[in-house]
file query.txt (compact mmCIF, C-alpha atoms)
# COMPACT_ATOMS: atom_id res chain seq x y z
CA MET A 77 64.28 -78.21 -38.19
CA THR A 78 63.62 -78.32 -41.91
CA LYS A 79 65.23 -80.91 -44.15
CA PRO A 80 68.87 -79.96 -44.88
CA ASN A 81 69.61 -78.62 -48.35
CA PRO A 82 73.36 -77.90 -48.32
CA ASP A 83 74.67 -75.63 -51.05
CA PHE A 84 78.15 -74.21 -50.64
CA ASN A 85 77.38 -71.59 -53.27
CA ARG A 86 75.09 -70.03 -50.64
CA LEU A 87 78.06 -69.46 -48.34
CA ARG A 88 80.45 -68.57 -51.16
CA LYS A 89 78.05 -65.85 -52.29
CA VAL A 90 78.27 -64.34 -48.80
CA LEU A 91 82.05 -64.68 -48.59
CA LEU A 92 82.54 -62.91 -51.91
CA ARG A 93 79.85 -60.26 -51.17
CA GLU A 94 77.83 -61.09 -54.26
CA GLY A 95 74.41 -60.21 -52.87
CA GLU A 96 71.66 -62.14 -51.14
CA PRO A 97 71.52 -65.96 -51.28
CA ASP A 98 68.31 -67.93 -50.71
CA ARG A 99 68.80 -67.83 -46.93
CA VAL A 100 71.34 -66.69 -44.38
CA PRO A 101 74.00 -69.42 -44.17
CA PHE A 102 75.37 -70.68 -40.86
CA PHE A 103 79.01 -70.28 -39.97
CA ASP A 104 81.18 -71.35 -37.04
CA LEU A 105 84.80 -72.46 -36.98
CA PHE A 106 85.09 -74.13 -33.57
CA ILE A 107 82.26 -76.32 -32.26
CA ASP A 108 82.55 -78.46 -29.14
CA GLY A 109 81.48 -82.08 -29.30
CA ILE A 110 78.55 -81.59 -26.91
CA PHE A 111 76.67 -79.69 -29.63
CA MET A 112 77.44 -82.31 -32.24
CA GLU A 113 76.22 -85.07 -29.94
CA ALA A 114 73.01 -83.13 -29.27
CA VAL A 115 72.26 -82.75 -32.99
CA ILE A 116 73.07 -86.29 -34.14
CA ASN A 117 72.09 -88.00 -30.85
CA LYS A 118 75.30 -90.03 -30.65
CA SER A 119 78.13 -90.20 -28.12
CA PHE A 120 81.74 -89.75 -29.14
CA ASP A 121 82.79 -91.45 -25.89
CA LYS A 122 81.87 -94.80 -27.38
CA LEU A 123 84.44 -94.49 -30.19
CA ASP A 124 87.89 -96.08 -30.10
CA PHE A 125 90.13 -93.33 -31.47
CA LYS A 126 93.16 -95.64 -31.41
CA THR A 127 91.82 -97.56 -34.40
CA ARG A 128 91.35 -96.40 -37.97
CA ALA A 129 87.74 -97.60 -37.87
CA GLY A 130 87.07 -95.47 -34.79
CA LYS A 131 88.58 -92.40 -36.39
CA GLU A 132 86.60 -92.89 -39.59
CA GLN A 133 83.38 -93.27 -37.64
CA TYR A 134 84.17 -90.03 -35.82
CA TRP A 135 84.78 -88.22 -39.10
CA LYS A 136 81.50 -89.58 -40.47
CA TRP A 137 79.67 -88.28 -37.42
CA ILE A 138 81.34 -84.87 -37.83
CA ILE A 139 80.02 -84.72 -41.39
CA GLU A 140 76.59 -85.89 -40.22
CA PHE A 141 76.49 -83.10 -37.64
CA TYR A 142 77.31 -80.31 -40.08
CA TYR A 143 74.78 -81.72 -42.54
CA GLN A 144 71.93 -82.18 -40.07
CA ALA A 145 72.54 -78.79 -38.39
CA GLY A 146 72.17 -76.98 -41.72
CA TYR A 147 75.74 -75.95 -42.56
CA ASP A 148 76.97 -75.89 -46.15
CA TYR A 149 80.47 -77.03 -45.27
CA VAL A 150 82.55 -79.09 -42.86
CA THR A 151 85.50 -77.52 -41.09
CA GLU A 152 88.37 -79.22 -39.31
CA GLY A 153 91.75 -78.05 -38.08
CA ILE A 154 95.08 -79.66 -38.89
CA GLY A 155 96.48 -79.55 -35.38
CA GLU A 156 99.72 -78.13 -34.07
CA ILE A 157 102.75 -77.94 -36.36
CA PHE A 158 105.15 -76.00 -34.10
CA PRO A 159 105.85 -78.15 -31.00
CA ARG A 160 106.04 -76.37 -27.66
CA SER A 161 105.58 -77.16 -23.99
CA ASN A 162 104.79 -73.74 -22.49
CA ARG A 163 101.20 -74.56 -21.57
CA LEU A 164 99.34 -74.31 -18.29
CA LYS A 165 96.63 -76.73 -17.16
CA GLY A 166 93.67 -76.49 -14.84
CA GLN A 167 90.32 -78.06 -14.10
CA ASP A 168 87.69 -77.33 -16.73
CA THR A 169 84.89 -75.43 -14.99
CA ALA A 170 82.26 -76.13 -17.66
CA SER A 171 79.43 -78.20 -16.20
CA SER A 172 79.43 -80.53 -19.20
CA THR A 173 82.87 -82.00 -18.59
CA GLY A 174 85.30 -83.05 -15.92
CA ASP A 175 88.32 -82.65 -18.15
CA THR A 176 91.28 -80.33 -17.78
CA ARG A 177 91.65 -77.15 -19.83
CA THR A 178 94.96 -75.90 -21.21
CA TRP A 179 96.02 -72.37 -22.07
CA GLN A 180 99.09 -70.41 -23.05
CA ASP A 181 101.83 -69.57 -20.55
CA GLU A 182 102.41 -65.93 -21.45
CA HIS A 183 105.41 -65.60 -19.10
CA HIS A 184 107.62 -68.24 -20.74
CA GLY A 185 108.32 -69.56 -24.22
CA ALA A 186 110.03 -72.37 -26.05
CA ILE A 187 112.04 -69.68 -27.84
CA GLU A 188 112.98 -66.67 -25.72
CA ASN A 189 116.39 -65.82 -27.19
CA ARG A 190 118.74 -66.45 -30.10
CA GLN A 191 120.15 -69.61 -28.54
CA ASP A 192 116.65 -71.09 -28.22
CA PHE A 193 115.92 -70.12 -31.82
CA GLU A 194 119.01 -71.89 -33.13
CA LYS A 195 118.24 -75.06 -31.15
CA TYR A 196 114.58 -75.25 -32.22
CA PRO A 197 113.91 -78.11 -34.72
CA TRP A 198 112.79 -75.90 -37.61
CA ASN A 199 114.01 -78.42 -40.19
CA ASN A 200 112.41 -81.41 -38.47
CA LEU A 201 108.84 -80.29 -37.99
CA LYS A 202 106.30 -83.12 -38.03
CA PRO A 203 104.56 -83.43 -41.42
CA ILE A 204 100.92 -82.41 -41.32
CA ASN A 205 98.40 -85.24 -41.31
CA LEU A 206 95.75 -84.76 -43.97
CA SER A 207 94.06 -88.16 -43.72
CA HIS A 208 90.90 -86.73 -42.12
CA PHE A 209 90.48 -84.20 -44.92
CA GLU A 210 91.03 -86.86 -47.56
CA PHE A 211 88.43 -89.10 -45.91
CA MET A 212 85.93 -86.27 -45.48
CA SER A 213 86.27 -85.08 -49.08
CA LYS A 214 85.23 -88.54 -50.26
CA ASN A 215 82.24 -88.70 -47.91
CA LEU A 216 80.73 -85.21 -48.13
CA PRO A 217 77.05 -85.02 -49.03
CA ASP A 218 76.24 -83.34 -52.32
CA GLY A 219 76.43 -79.57 -52.08
CA MET A 220 78.91 -79.45 -49.19
CA MET A 221 82.57 -78.44 -49.25
CA LEU A 222 85.51 -78.42 -46.83
CA ILE A 223 86.90 -75.37 -45.04
CA PRO A 224 90.27 -76.35 -43.56
CA CYS A 225 91.29 -74.21 -40.62
CA GLY A 226 94.99 -73.55 -40.31
CA PRO A 227 97.09 -74.41 -37.23
CA GLY A 228 96.83 -70.97 -35.68
CA GLY A 229 97.89 -67.81 -37.43
CA VAL A 230 101.08 -65.87 -38.01
CA LEU A 231 100.99 -63.77 -34.84
CA GLU A 232 99.48 -66.52 -32.70
CA ASN A 233 102.20 -69.05 -33.46
CA VAL A 234 105.01 -66.59 -32.76
CA MET A 235 103.33 -65.55 -29.49
CA TRP A 236 102.76 -69.18 -28.54
CA LEU A 237 106.36 -70.14 -29.22
CA MET A 238 107.88 -67.14 -27.45
CA GLY A 239 105.33 -66.30 -24.77
CA TYR A 240 103.71 -62.87 -24.86
CA GLU A 241 106.04 -61.29 -22.30
CA PRO A 242 109.37 -62.55 -23.72
CA MET A 243 108.18 -61.58 -27.20
CA SER A 244 107.28 -58.09 -26.03
CA TYR A 245 110.78 -57.57 -24.63
CA ALA A 246 112.44 -59.05 -27.73
CA ILE A 247 110.63 -56.64 -30.05
CA TYR A 248 112.79 -53.87 -28.60
CA GLU A 249 115.86 -55.79 -27.40
CA ASP A 250 116.37 -58.13 -30.38
CA PRO A 251 114.24 -57.07 -33.39
CA GLN A 252 116.26 -59.34 -35.68
CA LEU A 253 115.15 -62.35 -33.63
CA ILE A 254 111.55 -61.21 -34.04
CA GLN A 255 111.99 -60.85 -37.78
CA ASP A 256 113.56 -64.30 -37.99
CA MET A 257 110.70 -65.78 -35.95
CA PHE A 258 108.07 -64.33 -38.26
CA ASP A 259 110.00 -65.43 -41.34
CA LYS A 260 110.25 -69.01 -40.07
CA VAL A 261 106.64 -69.22 -38.90
CA GLY A 262 105.21 -67.29 -41.83
CA GLY A 263 107.14 -69.26 -44.41
CA THR A 264 106.04 -72.56 -42.90
CA LEU A 265 102.39 -71.45 -42.81
CA VAL A 266 102.49 -70.34 -46.44
CA LYS A 267 103.69 -73.81 -47.47
CA THR A 268 101.06 -75.41 -45.25
CA PHE A 269 98.24 -73.43 -46.82
CA GLU A 270 99.55 -74.17 -50.28
CA THR A 271 99.11 -77.86 -49.46
CA LEU A 272 95.66 -77.36 -47.94
CA CYS A 273 94.42 -75.42 -50.97
CA GLN A 274 95.13 -78.39 -53.22
CA LEU A 275 92.94 -80.83 -51.27
CA ASP A 276 89.79 -82.11 -52.96
CA LYS A 277 86.48 -80.32 -52.36
CA VAL A 278 87.94 -77.30 -50.57
CA GLY A 279 85.62 -74.31 -50.81
CA ALA A 280 87.39 -71.70 -48.68
CA MET A 281 90.34 -71.19 -46.34
CA ALA A 282 90.20 -70.06 -42.73
CA VAL A 283 92.73 -69.15 -40.10
CA GLY A 284 92.47 -68.08 -36.49
CA ASP A 285 94.93 -65.33 -35.63
CA ASP A 286 93.86 -63.43 -32.52
CA MET A 287 95.40 -59.96 -32.61
CA GLY A 288 93.52 -58.05 -29.94
CA PHE A 289 91.71 -57.98 -26.64
CA LYS A 290 88.85 -55.94 -25.23
CA THR A 291 90.29 -52.44 -25.69
CA GLN A 292 93.05 -52.65 -28.31
CA THR A 293 95.40 -54.80 -30.38
CA MET A 294 97.97 -57.09 -28.74
CA PHE A 295 100.76 -55.03 -30.27
CA SER A 296 100.75 -51.61 -31.91
CA PRO A 297 99.51 -51.32 -35.49
CA LYS A 298 103.07 -50.31 -36.44
CA ILE A 299 104.45 -53.64 -35.17
CA LEU A 300 101.66 -55.60 -36.84
CA ARG A 301 102.27 -53.84 -40.15
CA LYS A 302 105.98 -54.58 -39.98
CA TYR A 303 105.92 -58.24 -38.97
CA VAL A 304 102.44 -59.78 -39.20
CA PHE A 305 100.50 -58.38 -42.15
CA PRO A 306 103.13 -59.16 -44.82
CA TRP A 307 102.93 -62.88 -44.00
CA GLN A 308 99.16 -62.87 -43.59
CA LYS A 309 98.95 -61.28 -47.03
CA LYS A 310 101.07 -64.06 -48.54
CA ILE A 311 98.70 -66.68 -47.05
CA VAL A 312 95.66 -64.87 -48.43
CA GLU A 313 97.34 -64.69 -51.84
CA VAL A 314 97.78 -68.48 -51.77
CA ALA A 315 94.04 -68.92 -51.18
CA HIS A 316 93.12 -66.43 -53.89
CA LYS A 317 95.51 -68.10 -56.35
CA HIS A 318 93.34 -71.19 -55.96
CA ASN A 319 90.11 -69.17 -56.29
CA LEU A 320 89.26 -69.70 -52.62
CA PRO A 321 87.77 -67.02 -50.33
CA PHE A 322 89.76 -66.33 -47.18
CA ILE A 323 88.16 -66.10 -43.72
CA LEU A 324 90.01 -64.49 -40.82
CA HIS A 325 89.01 -65.30 -37.25
CA SER A 326 90.53 -62.73 -34.92
CA CYS A 327 89.33 -61.63 -31.50
CA GLY A 328 89.59 -58.24 -29.87
CA MET A 329 89.27 -54.57 -30.69
CA LEU A 330 90.67 -54.37 -34.23
CA ASP A 331 89.09 -51.14 -35.39
CA ASN A 332 92.44 -49.44 -35.90
CA ILE A 333 93.71 -52.19 -38.22
CA MET A 334 90.56 -53.18 -40.12
CA ASP A 335 91.55 -51.06 -43.10
CA ASP A 336 94.87 -52.92 -43.21
CA LEU A 337 93.17 -56.31 -43.04
CA ILE A 338 90.67 -55.46 -45.77
CA ASP A 339 92.71 -53.33 -48.16
CA ASP A 340 96.25 -54.65 -47.67
CA VAL A 341 96.05 -58.21 -46.34
CA GLY A 342 93.01 -58.79 -48.54
CA ILE A 343 90.74 -60.90 -46.33
CA ASP A 344 87.30 -61.71 -47.74
CA ALA A 345 85.51 -62.32 -44.43
CA LYS A 346 85.98 -61.47 -40.76
CA HIS A 347 84.85 -63.69 -37.88
CA SER A 348 84.71 -63.02 -34.10
CA TYR A 349 82.69 -60.19 -32.54
CA GLU A 350 81.84 -59.23 -28.99
CA ASP A 351 78.97 -56.98 -27.94
CA VAL A 352 81.16 -55.17 -25.37
CA ILE A 353 83.67 -54.32 -28.13
CA MET A 354 81.54 -53.83 -31.23
CA PRO A 355 78.20 -55.61 -31.70
CA VAL A 356 77.99 -57.45 -34.98
CA THR A 357 75.08 -55.22 -36.00
CA GLU A 358 77.44 -52.22 -35.82
CA ALA A 359 80.21 -54.12 -37.61
CA LYS A 360 77.83 -54.90 -40.48
CA LYS A 361 76.94 -51.21 -40.85
CA LYS A 362 80.57 -50.12 -40.69
CA TYR A 363 82.32 -52.80 -42.73
CA GLY A 364 79.65 -54.94 -44.38
CA ASN A 365 80.08 -53.40 -47.82
CA ARG A 366 83.83 -54.17 -47.78
CA VAL A 367 84.13 -57.55 -46.05
CA ALA A 368 81.76 -60.41 -45.25
CA ILE A 369 80.61 -60.40 -41.61
CA MET A 370 80.57 -63.85 -40.01
CA GLY A 371 78.80 -64.87 -36.81
CA GLY A 372 78.52 -62.29 -34.04
CA VAL A 373 75.98 -63.92 -31.71
CA ASP A 374 77.57 -62.86 -28.45
CA MET A 375 79.18 -65.56 -26.30
CA ASP A 376 77.84 -64.13 -23.06
CA LYS A 377 74.30 -64.17 -24.39
CA LEU A 378 74.74 -67.66 -25.82
CA SER A 379 75.82 -68.77 -22.36
CA SER A 380 73.48 -66.89 -20.07
CA LEU A 381 70.27 -65.58 -21.65
CA PRO A 382 67.00 -67.47 -21.12
CA VAL A 383 66.10 -69.12 -24.38
CA ASP A 384 63.03 -66.94 -25.07
CA LYS A 385 65.03 -63.71 -24.69
CA PHE A 386 67.91 -65.24 -26.62
CA ARG A 387 65.63 -65.98 -29.58
CA LEU A 388 64.58 -62.33 -29.76
CA TYR A 389 68.23 -61.27 -29.62
CA VAL A 390 69.15 -63.58 -32.54
CA ARG A 391 66.12 -62.49 -34.51
CA ASN A 392 67.23 -58.87 -34.24
CA ILE A 393 70.71 -59.74 -35.47
CA ILE A 394 69.20 -61.40 -38.53
CA LYS A 395 66.95 -58.38 -39.10
CA GLU A 396 69.89 -55.94 -38.87
CA CYS A 397 72.67 -57.93 -40.54
CA ALA A 398 71.06 -60.09 -43.22
CA PRO A 399 69.60 -57.47 -45.64
CA GLY A 400 71.86 -57.06 -48.64
CA GLY A 401 73.69 -60.33 -47.96
CA ASN A 402 77.35 -60.46 -46.89
CA TYR A 403 76.38 -62.06 -43.56
CA ALA A 404 76.44 -65.57 -42.05
CA LEU A 405 74.82 -66.47 -38.73
CA GLY A 406 76.85 -68.03 -35.92
CA SER A 407 78.52 -67.44 -32.60
CA GLY A 408 80.64 -64.40 -31.88
CA ASN A 409 83.63 -66.63 -31.21
CA SER A 410 83.07 -70.38 -30.87
CA LEU A 411 80.64 -72.97 -29.57
CA ALA A 412 82.58 -73.63 -26.37
CA ASN A 413 81.51 -76.32 -23.91
CA TYR A 414 80.09 -73.77 -21.45
CA VAL A 415 77.55 -72.44 -23.96
CA LYS A 416 73.92 -73.49 -23.47
CA VAL A 417 73.05 -76.24 -25.93
CA GLU A 418 69.43 -75.07 -26.00
CA ASN A 419 70.55 -71.59 -27.03
CA TYR A 420 72.71 -72.97 -29.81
CA LEU A 421 69.81 -75.01 -31.17
CA ALA A 422 67.55 -71.96 -30.86
CA MET A 423 70.05 -69.91 -32.89
CA LEU A 424 69.90 -72.42 -35.72
CA ASP A 425 66.12 -72.56 -35.52
CA GLU A 426 65.80 -68.78 -35.68
CA GLY A 427 68.12 -68.72 -38.68
CA LEU A 428 65.99 -71.22 -40.58
CA LYS A 429 62.74 -69.47 -39.66
CA TYR A 430 63.70 -65.84 -40.20
CA GLY A 431 66.80 -66.00 -42.39
CA LYS A 432 65.02 -66.58 -45.70
CA TYR A 433 65.36 -63.86 -48.31
CA PRO A 434 63.85 -61.39 -48.69
CA ILE A 435 64.29 -60.81 -44.96
CA GLY A 436 61.14 -59.84 -43.10
CA LYS A 437 58.77 -60.78 -45.93
call {"tool": "encode", "arguments": {"input": "query.txt", "output": "structure tokens"}}
result
Amino acid sequence: MTKPNPDFNRLRKVLLREGEPDRVPFFDLFIDGIFMEAVINKSFDKLDFKTRAGKEQYWKWIIEFYYQAGYDYVTEGIGEIFPRSNRLKGQDTASSTGDTRTWQDEHHGAIENRQDFEKYPWNNLKPINLSHFEFMSKNLPDGMMLIPCGPGGVLENVMWLMGYEPMSYAIYEDPQLIQDMFDKVGGTLVKTFETLCQLDKVGAMAVGDDMGFKTQTMFSPKILRKYVFPWQKKIVEVAHKHNLPFILHSCGMLDNIMDDLIDDVGIDAKHSYEDVIMPVTEAKKKYGNRVAIMGGVDMDKLSSLPVDKFRLYVRNIIKECAPGGNYALGSGNSLANYVKVENYLAMLDEGLKYGKYPIGK
């Protein structure tokens, strides 16, 4: 790889759709440690995370990874702020780990009815820990900025707390409970983002709020417009008040709500694309003049294609998406631990080789 030359203005130019930067920037929100270890040639297993020194070393290595890989920013999440126990566990099937994997129990929730809602510790939520952001802001290389990623989005947190099935019933059996849930969650997230926006060296805001699956949205557009979008809009307004672009990560088929997200909610950039839903090349043609298109290198291809064929696939995405700007190269969802490390490194390499403007010259 070439010597890193981080410049957050490169990414900001894309996020605000201000034309072509010097090269296509890289963008990913969620990157597993195996990729970081491969880039910086260090093992996180050797760190003692129980000590402050161990944590600081980890944060330094996170910064080193983003710098060496060619990103213009460092992103980190703030962790969970709404406690819950409705999670399922199972053996992680990725070959790179022997750990367990957790996921949402959609059949049960911490809050399924009014009684649960009243007992939930809304007024005693654990304060968010910002020490890693404060440390990172003081240790960023010149040209880099922070992109804090919120603790899940408006819809996600309500679904996580209630469980998808109980929430679906409550929408029709107790709509006031649903409204109260969104008001509690949305209000808390607005305050959280207000705090995040005031951290040093923050260049943009990001939130993951999955609203769809392969064929449609999780709930009807009517429900999303009533409960979800008003609070998402308030969060975006907080970012814009601080002159920060707002990036939405949301999976699934969202075609029937994209106008809402762009024109009403006011997002600046959209992340998460799947070839079986809408290839990122099509998304760029359809929405690229209205919202920045982030990532889109399909997870299945990242995980399964031979590296030579994968390089050609990435090269074509750059060729189709990069002209005119408004595009950043990265995965269609996340760099999960089952993705081929060699394909990830090839994606970065292709971006550095063929992502210089003017594209194809």
call {"tool": "closest_residue", "arguments": {"input": "query.txt", "among": "A:Arg88, A:Lys290, A:Lys267, A:Arg93", "to": "Ile204 (chain A)", "atoms": "only C-alpha atoms"}}
result
A:Lys267
call {"tool": "closest_atom_pairs", "arguments": {"input": "query.txt", "of": "region 191-215 of chain A", "to": "region 128-132 of chain A", "cutoff": "9 Å", "atoms": "all atoms listed in the file", "output": "tab-separated table"}}
result
residue	atom	partner	partner_atom	distance
A:His208	CA	A:Glu132	CA	7.9
A:Phe211	CA	A:Glu132	CA	7.6
A:Met212	CA	A:Glu132	CA	8.9
call {"tool": "residues_around", "arguments": {"input": "query.txt", "residues": "Asp181 (chain A)", "least_positions_apart": "5", "cutoff": "7 Å", "atoms": "only C-alpha atoms", "output": "compact mmCIF listing (two decimals) with C-alpha atoms, in the frame of the given file"}}
result
# COMPACT_ATOMS: atom_id res chain seq x y z
CA ASN A 162 104.79 -73.74 -22.49
CA ARG A 163 101.20 -74.56 -21.57
CA LEU A 164 99.34 -74.31 -18.29
CA GLY A 239 105.33 -66.30 -24.77
call {"tool": "atom_distance", "arguments": {"input": "query.txt", "atom1": "CA of Asn205 (chain A)", "atom2": "CA of Asn85 (chain A)"}}
result
27.8 Å
call {"tool": "closest_residue", "arguments": {"input": "query.txt", "among": "A:Ile254, A:Val373, A:Val367, A:Val278", "to": "Val352 (chain A)", "atoms": "all atoms listed in the file"}}
result
A:Val373
call {"tool": "atom_distance", "arguments": {"input": "query.txt", "atom1": "CA of Glu426 (chain A)", "atom2": "CA of Phe102 (chain A)"}}
result
11.0 Å
call {"tool": "closest_residue", "arguments": {"input": "query.txt", "among": "A:Val304, A:Val314, A:Ile299, A:Val115", "to": "Gln274 (chain A)", "atoms": "all atoms listed in the file"}}
result
A:Val314
call {"tool": "residues_around", "arguments": {"input": "query.txt", "residues": "Asp331 (chain A)", "least_positions_apart": "2", "cutoff": "12 Å", "atoms": "only C-alpha atoms", "output": "ChimeraX atom specification"}}
result
/A:287-293,297,326-329,333-338,349,353-354,358-359,362-363
call {"tool": "closest_residue", "arguments": {"input": "query.txt", "among": "A:Leu388, A:Val312, A:Ala114, A:Ala186", "to": "Asp340 (chain A)", "atoms": "only C-alpha atoms"}}
result
A:Val312
call {"tool": "residues_near_point", "arguments": {"input": "query.txt", "point": "(69.0, -68.7, -38.6)", "cutoff": "8 Å", "atoms": "all atoms listed in the file", "output": "PyMOL selection string"}}
result
chain A and resi 100-102+390-391+394+405+423-431
call {"tool": "residues_around", "arguments": {"input": "query.txt", "residues": "Gly185 (chain A)", "least_positions_apart": "2", "cutoff": "10 Å", "atoms": "all atoms listed in the file", "output": "list in words"}}
result
Arg160, Ser161, Asn162, Arg163, Gln180, Asp181, Glu182, His183, Ile187, Glu188, Asn189, Asp192, Val234, Met235, Trp236, Leu237, Met238, Gly239, Tyr240, Glu241, Pro242 and Met243 of chain A
call {"tool": "closest_residue", "arguments": {"input": "query.txt", "among": "A:Met281, A:Gly408, A:Asp276, A:Asp384", "to": "Asn215 (chain A)", "atoms": "all atoms listed in the file"}}
result
A:Asp276
call {"tool": "closest_residue", "arguments": {"input": "query.txt", "among": "A:Asn81, A:Asn233, A:Thr176, A:Thr268", "to": "Leu206 (chain A)", "atoms": "all atoms listed in the file"}}
result
A:Thr268
call {"tool": "decode", "arguments": {"input": "query.txt", "residues": "region 382-400 of chain A", "atoms": "N, CA, C and O atoms", "output": "mmCIF file, in the first residue's frame"}}
result
data_model
loop_
_atom_site.group_PDB
_atom_site.id
_atom_site.type_symbol
_atom_site.label_atom_id
_atom_site.label_comp_id
_atom_site.auth_asym_id
_atom_site.auth_seq_id
_atom_site.Cartn_x
_atom_site.Cartn_y
_atom_site.Cartn_z
ATOM 1 N N PRO A 382 -13.042 -15.854 -5.085
ATOM 2 C CA PRO A 382 -11.578 -15.920 -5.176
ATOM 3 C C PRO A 382 -11.031 -14.509 -5.349
ATOM 4 O O PRO A 382 -11.673 -13.655 -5.963
ATOM 5 N N VAL A 383 -9.865 -14.258 -4.812
ATOM 6 C CA VAL A 383 -9.377 -12.889 -4.736
ATOM 7 C C VAL A 383 -9.219 -12.244 -6.112
ATOM 8 O O VAL A 383 -9.450 -11.035 -6.262
ATOM 9 N N ASP A 384 -8.849 -13.004 -7.143
ATOM 10 C CA ASP A 384 -8.679 -12.397 -8.465
ATOM 11 C C ASP A 384 -10.013 -11.925 -9.029
ATOM 12 O O ASP A 384 -10.121 -10.824 -9.591
ATOM 13 N N LYS A 385 -11.066 -12.745 -8.873
ATOM 14 C CA LYS A 385 -12.393 -12.343 -9.332
ATOM 15 C C LYS A 385 -12.947 -11.214 -8.469
ATOM 16 O O LYS A 385 -13.660 -10.331 -8.955
ATOM 17 N N PHE A 386 -12.627 -11.254 -7.187
ATOM 18 C CA PHE A 386 -13.095 -10.209 -6.282
ATOM 19 C C PHE A 386 -12.498 -8.855 -6.664
ATOM 20 O O PHE A 386 -13.184 -7.829 -6.634
ATOM 21 N N ARG A 387 -11.236 -8.836 -7.038
ATOM 22 C CA ARG A 387 -10.604 -7.579 -7.450
ATOM 23 C C ARG A 387 -11.344 -6.963 -8.640
ATOM 24 O O ARG A 387 -11.574 -5.742 -8.675
ATOM 25 N N LEU A 388 -11.700 -7.776 -9.605
ATOM 26 C CA LEU A 388 -12.414 -7.269 -10.777
ATOM 27 C C LEU A 388 -13.777 -6.715 -10.384
ATOM 28 O O LEU A 388 -14.239 -5.702 -10.924
ATOM 29 N N TYR A 389 -14.432 -7.387 -9.450
ATOM 30 C CA TYR A 389 -15.735 -6.939 -8.955
ATOM 31 C C TYR A 389 -15.608 -5.559 -8.292
ATOM 32 O O TYR A 389 -16.405 -4.643 -8.556
ATOM 33 N N VAL A 390 -14.603 -5.378 -7.433
ATOM 34 C CA VAL A 390 -14.391 -4.095 -6.759
ATOM 35 C C VAL A 390 -14.033 -3.016 -7.765
ATOM 36 O O VAL A 390 -14.532 -1.879 -7.691
ATOM 37 N N ARG A 391 -13.208 -3.375 -8.704
ATOM 38 C CA ARG A 391 -12.787 -2.401 -9.730
ATOM 39 C C ARG A 391 -13.998 -1.871 -10.497
ATOM 40 O O ARG A 391 -14.070 -0.682 -10.833
ATOM 41 N N ASN A 392 -14.944 -2.738 -10.776
ATOM 42 C CA ASN A 392 -16.141 -2.310 -11.502
ATOM 43 C C ASN A 392 -17.002 -1.380 -10.647
ATOM 44 O O ASN A 392 -17.580 -0.412 -11.167
ATOM 45 N N ILE A 393 -17.072 -1.659 -9.352
ATOM 46 C CA ILE A 393 -17.820 -0.762 -8.468
ATOM 47 C C ILE A 393 -17.203 0.628 -8.479
ATOM 48 O O ILE A 393 -17.914 1.647 -8.568
ATOM 49 N N ILE A 394 -15.886 0.695 -8.405
ATOM 50 C CA ILE A 394 -15.211 1.994 -8.455
ATOM 51 C C ILE A 394 -15.508 2.695 -9.774
ATOM 52 O O ILE A 394 -15.836 3.892 -9.806
ATOM 53 N N LYS A 395 -15.430 1.959 -10.864
ATOM 54 C CA LYS A 395 -15.687 2.519 -12.190
ATOM 55 C C LYS A 395 -17.100 3.083 -12.304
ATOM 56 O O LYS A 395 -17.317 4.150 -12.895
ATOM 57 N N GLU A 396 -18.085 2.368 -11.716
ATOM 58 C CA GLU A 396 -19.485 2.772 -11.842
ATOM 59 C C GLU A 396 -19.898 3.825 -10.817
ATOM 60 O O GLU A 396 -20.729 4.689 -11.122
ATOM 61 N N CYS A 397 -19.345 3.750 -9.614
ATOM 62 C CA CYS A 397 -19.832 4.598 -8.524
ATOM 63 C C CYS A 397 -19.010 5.858 -8.285
ATOM 64 O O CYS A 397 -19.548 6.862 -7.790
ATOM 65 N N ALA A 398 -17.723 5.828 -8.587
ATOM 66 C CA ALA A 398 -16.853 6.938 -8.212
ATOM 67 C C ALA A 398 -17.021 8.205 -9.048
ATOM 68 O O ALA A 398 -16.911 9.309 -8.496
ATOM 69 N N PRO A 399 -17.267 8.122 -10.372
ATOM 70 C CA PRO A 399 -17.371 9.352 -11.168
ATOM 71 C C PRO A 399 -18.406 10.327 -10.618
ATOM 72 O O PRO A 399 -19.516 9.942 -10.251
ATOM 73 N N GLY A 400 -17.996 11.573 -10.494
ATOM 74 C CA GLY A 400 -18.864 12.600 -9.951
ATOM 75 C C GLY A 400 -18.756 12.771 -8.447
ATOM 76 O O GLY A 400 -19.300 13.712 -7.873
#
